[in-house]
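> Sending over start.cif (mmCIF, C-alpha atoms).
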```cif
data_target
#
loop_
_atom_site.label_atom_id
_atom_site.label_comp_id
_atom_site.auth_asym_id
_atom_site.auth_seq_id
_atom_site.Cartn_x
_atom_site.Cartn_y
_atom_site.Cartn_z
CA MET M 1 19.78 5.31 21.53
CA ASN M 2 21.56 2.45 19.76
CA LYS M 3 22.64 0.93 23.10
CA ILE M 4 19.09 1.13 24.44
CA VAL M 5 17.73 -0.70 21.39
CA LYS M 6 20.40 -3.41 21.70
CA ILE M 7 19.66 -3.90 25.40
CA LEU M 8 15.93 -4.03 24.68
CA LEU M 9 16.48 -6.64 21.96
CA ILE M 10 18.62 -8.74 24.30
CA VAL M 11 15.91 -8.61 26.98
CA ILE M 12 13.22 -9.58 24.47
CA GLY M 13 15.41 -12.43 23.23
CA LEU M 14 15.97 -13.72 26.77
CA VAL M 15 12.25 -13.53 27.58
CA ALA M 16 11.46 -15.38 24.35
CA ALA M 17 14.05 -18.07 25.18
CA VAL M 18 12.53 -18.58 28.63
CA LEU M 19 9.05 -18.77 27.11
CA TRP M 20 10.29 -21.23 24.47
CA PHE M 21 11.56 -23.63 27.09
CA SER M 22 8.39 -23.27 29.16
CA LEU M 23 6.09 -24.24 26.28
CA PRO M 24 4.05 -27.39 26.83
CA SER M 25 4.63 -30.44 24.66
CA ALA M 26 3.09 -30.58 21.22
CA ASP M 27 0.85 -33.55 22.04
CA ASP M 28 -0.80 -31.69 24.95
CA PRO M 29 -4.37 -30.82 23.88
CA GLY M 30 -4.37 -27.64 26.00
CA ALA M 31 -1.07 -26.37 24.59
CA ILE M 32 -2.69 -23.59 22.59
CA ASN M 33 -4.16 -22.10 25.76
CA SER M 34 -0.88 -21.99 27.70
CA GLY M 35 0.29 -18.69 29.15
CA ALA M 36 3.71 -19.00 27.54
CA MET M 37 2.15 -19.38 24.09
CA ASN M 38 -0.15 -16.40 24.63
CA PHE M 39 2.73 -14.23 25.87
CA MET M 40 4.83 -15.20 22.84
CA PHE M 41 1.98 -14.08 20.58
CA ILE M 42 1.77 -10.80 22.50
CA ILE M 43 5.51 -10.24 22.01
CA MET M 44 5.14 -11.03 18.31
CA TYR M 45 2.28 -8.56 17.88
CA ILE M 46 4.21 -5.85 19.73
CA LEU M 47 7.31 -6.38 17.57
CA LEU M 48 5.18 -6.41 14.41
CA ALA M 49 3.49 -3.16 15.45
CA ILE M 50 6.87 -1.55 16.15
CA ALA M 51 8.16 -2.67 12.74
CA VAL M 52 5.09 -1.37 10.88
CA VAL M 53 5.00 1.98 12.70
CA SER M 54 8.72 2.60 12.27
CA THR M 55 8.60 1.63 8.60
CA VAL M 56 5.69 3.96 7.89
CA PHE M 57 7.19 6.78 9.97
CA PHE M 58 10.66 6.66 8.42
CA GLY M 59 9.21 6.09 4.95
CA PHE M 60 7.04 9.19 5.16
CA THR M 61 9.89 11.16 6.74
CA LYS M 62 12.18 10.27 3.84
CA LEU M 63 9.38 10.88 1.34
CA LEU M 64 8.65 14.37 2.62
CA SER M 65 12.25 15.42 3.27
CA THR M 66 13.83 14.44 -0.05
CA LYS M 67 13.33 16.85 -2.92
CA GLY M 68 11.41 15.35 -5.83
CA SER M 69 10.55 12.11 -4.04
CA LEU M 70 6.90 13.06 -3.53
CA LYS M 71 6.53 13.64 -7.27
CA LYS M 72 8.12 10.25 -8.03
CA ALA M 73 5.87 8.55 -5.48
CA LEU M 74 2.76 10.11 -7.03
CA PHE M 75 3.88 8.96 -10.49
CA ALA M 76 4.39 5.43 -9.13
CA ILE M 77 0.96 5.42 -7.48
CA GLY M 78 -0.58 6.72 -10.71
CA GLY M 79 1.18 3.99 -12.69
CA LEU M 80 -0.12 1.36 -10.28
CA ALA M 81 -3.62 2.79 -10.62
CA ILE M 82 -3.33 2.53 -14.41
CA VAL M 83 -2.17 -1.10 -14.14
CA VAL M 84 -5.11 -1.90 -11.83
CA ALA M 85 -7.58 -0.18 -14.18
CA VAL M 86 -6.23 -2.04 -17.22
CA SER M 87 -6.30 -5.32 -15.29
CA TYR M 88 -9.88 -4.75 -14.22
CA GLY M 89 -10.82 -4.04 -17.84
CA LEU M 90 -9.11 -7.25 -19.00
CA SER M 91 -10.74 -9.47 -16.38
CA SER M 92 -14.15 -10.99 -16.90
CA GLY M 93 -16.86 -12.13 -14.54
CA ASN M 94 -16.85 -15.59 -16.08
CA ALA M 95 -20.32 -17.09 -15.51
CA PRO M 96 -19.20 -20.74 -16.00
CA VAL M 97 -16.67 -20.27 -13.20
CA VAL M 98 -19.42 -18.99 -10.90
CA GLU M 99 -21.54 -22.03 -11.75
CA ALA M 100 -18.60 -24.41 -11.21
CA MET M 101 -17.90 -22.89 -7.81
CA ALA M 102 -21.59 -23.13 -6.89
CA SER M 103 -21.61 -26.83 -7.83
CA ARG M 104 -18.73 -27.34 -5.37
CA GLY M 105 -20.68 -25.60 -2.62
CA ILE M 106 -18.72 -22.34 -2.68
CA GLU M 107 -20.93 -19.30 -2.96
CA THR M 108 -19.46 -16.63 -5.21
CA THR M 109 -20.59 -13.86 -7.53
CA GLU M 110 -19.43 -12.60 -10.89
CA SER M 111 -17.89 -9.53 -9.27
CA THR M 112 -15.80 -11.75 -6.98
CA VAL M 113 -14.53 -13.72 -9.98
CA LYS M 114 -13.82 -10.43 -11.80
CA ASN M 115 -11.86 -9.10 -8.79
CA ILE M 116 -9.82 -12.31 -8.55
CA GLY M 117 -9.07 -12.08 -12.28
CA MET M 118 -8.06 -8.45 -11.82
CA GLY M 119 -5.66 -9.42 -9.02
CA LEU M 120 -4.09 -12.12 -11.16
CA ASN M 121 -3.75 -9.74 -14.10
CA VAL M 122 -2.10 -7.11 -11.87
CA PHE M 123 0.34 -9.76 -10.62
CA PHE M 124 1.20 -10.92 -14.14
CA ILE M 125 1.60 -7.40 -15.55
CA LEU M 126 3.82 -6.29 -12.66
CA THR M 127 5.87 -9.50 -12.95
CA VAL M 128 6.44 -8.93 -16.67
CA LEU M 129 7.38 -5.29 -16.00
CA ALA M 130 9.83 -6.33 -13.27
CA VAL M 131 11.48 -8.92 -15.51
CA LEU M 132 11.72 -6.44 -18.37
CA LEU M 133 13.24 -3.79 -16.09
CA MET M 134 15.90 -6.30 -15.04
CA VAL M 135 16.62 -7.85 -18.44
CA VAL M 136 16.54 -4.85 -20.79
CA PRO M 137 19.35 -2.85 -19.08
CA GLY M 138 21.50 -6.00 -19.00
CA LEU M 139 20.94 -6.64 -22.69
CA LYS M 140 21.57 -2.99 -23.46
CA LYS M 141 24.93 -3.11 -21.64
CA MET M 142 25.83 -6.34 -23.41
CA PHE M 143 25.16 -5.08 -26.94
CA VAL M 144 25.99 -1.36 -26.70
CA LYS M 145 29.64 -1.80 -25.70
#
```
In structure tokens, what does this structure look like?

Amino acid sequence: MNKIVKILLIVIGLVAAVLWFSLPSADDPGAINSGAMNFMFIIMYILLAIAVVSTVFFGFTKLLSTKGSLKKALFAIGGLAIVVAVSYGLSSGNAPVVEAMASRGIETTESTVKNIGMGLNVFFILTVLAVLLMVVPGLKKMFVK
């Protein structure tokens, strides 16, 4: 199986190299419609699909085959849901922001502003948690010796 994958990757690499050298010049206005460009996009989408499917398949296989991993995954999903709920509660549908966006010609609603604020809050909370989870064990090792 490993040899087949290596041979397949070599073939894809050779096809991509041939397509690379058959691309039209950048100043050609019809370059985006060239067959080589379209085929390179097709190869990219196929490789992306293979990567996504294999990641999901092997992830679920590992999740369901390892004892206790499903419980840990559910706790992690629950923790993420709590972070999202707290972030949504902390965000506000700031009316002045909606008016400022409308004055610039961008149509938006208070719920859109609230969802954007929630996304930012989730990012900040998860960033702080990640930094704490990296720094605290290091400090603990440094001072507990």
> Identify the residues within 10 Å of coordinate (-14.2, -13.8, -8.5) (same frame as the file), considering all atoms listed in the file, and give the answer as a list in words.
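It turns out the residues near that spot are Ser91, Ser92, Gly93, Asn94, Ala95, Val97, Val98, Met101, Thr108, Thr109, Glu110, Ser111, Thr112, Val113, Lys114, Asn115, Ile116, Gly117, Met118 and Gly119 of chain M.
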> Hey, which of M:Ala76, M:Leu19, M:Ser69, M:Leu9 ends up closest to Leu47 in chain M? Count only C-alpha atoms.
M:Leu9
> Hey, can you check how far CA of Ser34 in chain M sits from CA of Trp20 in chain M?
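Computed distance, CA of Ser34 in chain M to CA of Trp20 in chain M, equals 11.7 Å.
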> Any idea what the distance is between CA of Leu8 in chain M and CA of Tyr45 in chain M?
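A separation of 15.9 Å between them.
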> Using all atoms listed in the file for the distances, tell me which of M:Val144, M:Leu14, M:Val83, M:Ala73 is nearest to Leu126 in chain M.
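Looking only at the distances to Leu126 in chain M, the closest residue turns out to be M:Val83.
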> To one decimal place, how far is CA of Leu63 in chain M from CA of Ile77 in chain M in Å?
13.4 Å
> When distances are computed from all atoms listed in the file, which of M:Ala16, M:Leu80, M:Phe41, M:Arg104 shows the smallest separation from Leu129 in chain M?
M:Leu80
> Using all atoms listed in the file, which of the listed residues (M:Phe143, M:Phe123, M:Phe21, M:Phe60) sits closest to Ala36 in chain M?
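Among the listed residues, the smallest separation from Ala36 in chain M belongs to M:Phe21.
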> Nearest to Ser87 in chain M: which of M:Ser25, M:Gly59, M:Val122, M:Lys67 is it, counting all atoms listed in the file?
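Answer, going by the shortest atom-to-atom distance: M:Val122.
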> Let me have the centre and edge lengths of the axis-aligned box enclosing all listed atoms of range 64-76 of chain M with 8 Å padding on every side, in Å to one decimal, as AutoDock Vina command-line options.

```
--center_x 8.3 --center_y 11.1 --center_z -3.6 --size_x 27.1 --size_y 27.4 --size_z 29.8
```
> Could you give me range 13-34 of chain M completed to N, CA and C atoms, formatted as a PDB file, keeping the file's coordinate frame?

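Result saved to result.pdb:
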```pdb
ATOM      1  N   GLY M  13      14.889 -11.116  23.602  1.00  0.00           N
ATOM      2  CA  GLY M  13      15.410 -12.430  23.230  1.00  0.00           C
ATOM      3  C   GLY M  13      15.483 -13.377  24.416  1.00  0.00           C
ATOM      4  N   LEU M  14      15.914 -12.873  25.570  1.00  0.00           N
ATOM      5  CA  LEU M  14      15.970 -13.720  26.770  1.00  0.00           C
ATOM      6  C   LEU M  14      14.579 -14.136  27.233  1.00  0.00           C
ATOM      7  N   VAL M  15      13.634 -13.190  27.207  1.00  0.00           N
ATOM      8  CA  VAL M  15      12.250 -13.530  27.580  1.00  0.00           C
ATOM      9  C   VAL M  15      11.692 -14.564  26.619  1.00  0.00           C
ATOM     10  N   ALA M  16      11.947 -14.410  25.335  1.00  0.00           N
ATOM     11  CA  ALA M  16      11.460 -15.380  24.350  1.00  0.00           C
ATOM     12  C   ALA M  16      12.093 -16.745  24.556  1.00  0.00           C
ATOM     13  N   ALA M  17      13.387 -16.785  24.923  1.00  0.00           N
ATOM     14  CA  ALA M  17      14.050 -18.070  25.180  1.00  0.00           C
ATOM     15  C   ALA M  17      13.441 -18.757  26.389  1.00  0.00           C
ATOM     16  N   VAL M  18      13.171 -17.998  27.447  1.00  0.00           N
ATOM     17  CA  VAL M  18      12.530 -18.580  28.630  1.00  0.00           C
ATOM     18  C   VAL M  18      11.146 -19.098  28.283  1.00  0.00           C
ATOM     19  N   LEU M  19      10.396 -18.328  27.507  1.00  0.00           N
ATOM     20  CA  LEU M  19       9.050 -18.770  27.110  1.00  0.00           C
ATOM     21  C   LEU M  19       9.132 -20.006  26.213  1.00  0.00           C
ATOM     22  N   TRP M  20      10.133 -20.082  25.352  1.00  0.00           N
ATOM     23  CA  TRP M  20      10.290 -21.230  24.470  1.00  0.00           C
ATOM     24  C   TRP M  20      10.469 -22.512  25.271  1.00  0.00           C
ATOM     25  N   PHE M  21      11.307 -22.435  26.298  1.00  0.00           N
ATOM     26  CA  PHE M  21      11.560 -23.630  27.090  1.00  0.00           C
ATOM     27  C   PHE M  21      10.425 -23.948  28.058  1.00  0.00           C
ATOM     28  N   SER M  22       9.519 -23.003  28.280  1.00  0.00           N
ATOM     29  CA  SER M  22       8.390 -23.270  29.160  1.00  0.00           C
ATOM     30  C   SER M  22       7.127 -23.655  28.388  1.00  0.00           C
ATOM     31  N   LEU M  23       7.247 -23.811  27.071  1.00  0.00           N
ATOM     32  CA  LEU M  23       6.090 -24.240  26.280  1.00  0.00           C
ATOM     33  C   LEU M  23       5.730 -25.681  26.607  1.00  0.00           C
ATOM     34  N   PRO M  24       4.442 -25.997  26.605  1.00  0.00           N
ATOM     35  CA  PRO M  24       4.050 -27.390  26.830  1.00  0.00           C
ATOM     36  C   PRO M  24       4.378 -28.250  25.607  1.00  0.00           C
ATOM     37  N   SER M  25       4.312 -29.548  25.774  1.00  0.00           N
ATOM     38  CA  SER M  25       4.630 -30.440  24.660  1.00  0.00           C
ATOM     39  C   SER M  25       3.579 -30.333  23.564  1.00  0.00           C
ATOM     40  N   ALA M  26       3.962 -30.733  22.376  1.00  0.00           N
ATOM     41  CA  ALA M  26       3.090 -30.580  21.220  1.00  0.00           C
ATOM     42  C   ALA M  26       1.872 -31.496  21.287  1.00  0.00           C
ATOM     43  N   ASP M  27       1.978 -32.623  21.977  1.00  0.00           N
ATOM     44  CA  ASP M  27       0.850 -33.550  22.040  1.00  0.00           C
ATOM     45  C   ASP M  27      -0.129 -33.201  23.151  1.00  0.00           C
ATOM     46  N   ASP M  28       0.120 -32.138  23.895  1.00  0.00           N
ATOM     47  CA  ASP M  28      -0.800 -31.690  24.950  1.00  0.00           C
ATOM     48  C   ASP M  28      -1.983 -30.987  24.289  1.00  0.00           C
ATOM     49  N   PRO M  29      -3.224 -31.452  24.539  1.00  0.00           N
ATOM     50  CA  PRO M  29      -4.370 -30.820  23.880  1.00  0.00           C
ATOM     51  C   PRO M  29      -4.627 -29.383  24.348  1.00  0.00           C
ATOM     52  N   GLY M  30      -4.165 -29.005  25.515  1.00  0.00           N
ATOM     53  CA  GLY M  30      -4.370 -27.640  26.000  1.00  0.00           C
ATOM     54  C   GLY M  30      -3.186 -26.742  25.749  1.00  0.00           C
ATOM     55  N   ALA M  31      -2.298 -27.138  24.837  1.00  0.00           N
ATOM     56  CA  ALA M  31      -1.070 -26.370  24.590  1.00  0.00           C
ATOM     57  C   ALA M  31      -1.359 -24.993  24.024  1.00  0.00           C
ATOM     58  N   ILE M  32      -2.394 -24.880  23.225  1.00  0.00           N
ATOM     59  CA  ILE M  32      -2.690 -23.590  22.590  1.00  0.00           C
ATOM     60  C   ILE M  32      -3.150 -22.566  23.609  1.00  0.00           C
ATOM     61  N   ASN M  33      -3.661 -23.015  24.743  1.00  0.00           N
ATOM     62  CA  ASN M  33      -4.160 -22.100  25.760  1.00  0.00           C
ATOM     63  C   ASN M  33      -3.139 -21.807  26.854  1.00  0.00           C
ATOM     64  N   SER M  34      -1.888 -22.200  26.659  1.00  0.00           N
ATOM     65  CA  SER M  34      -0.880 -21.990  27.700  1.00  0.00           C
ATOM     66  C   SER M  34      -0.499 -20.510  27.765  1.00  0.00           C
TER      67      SER M  34
END
```
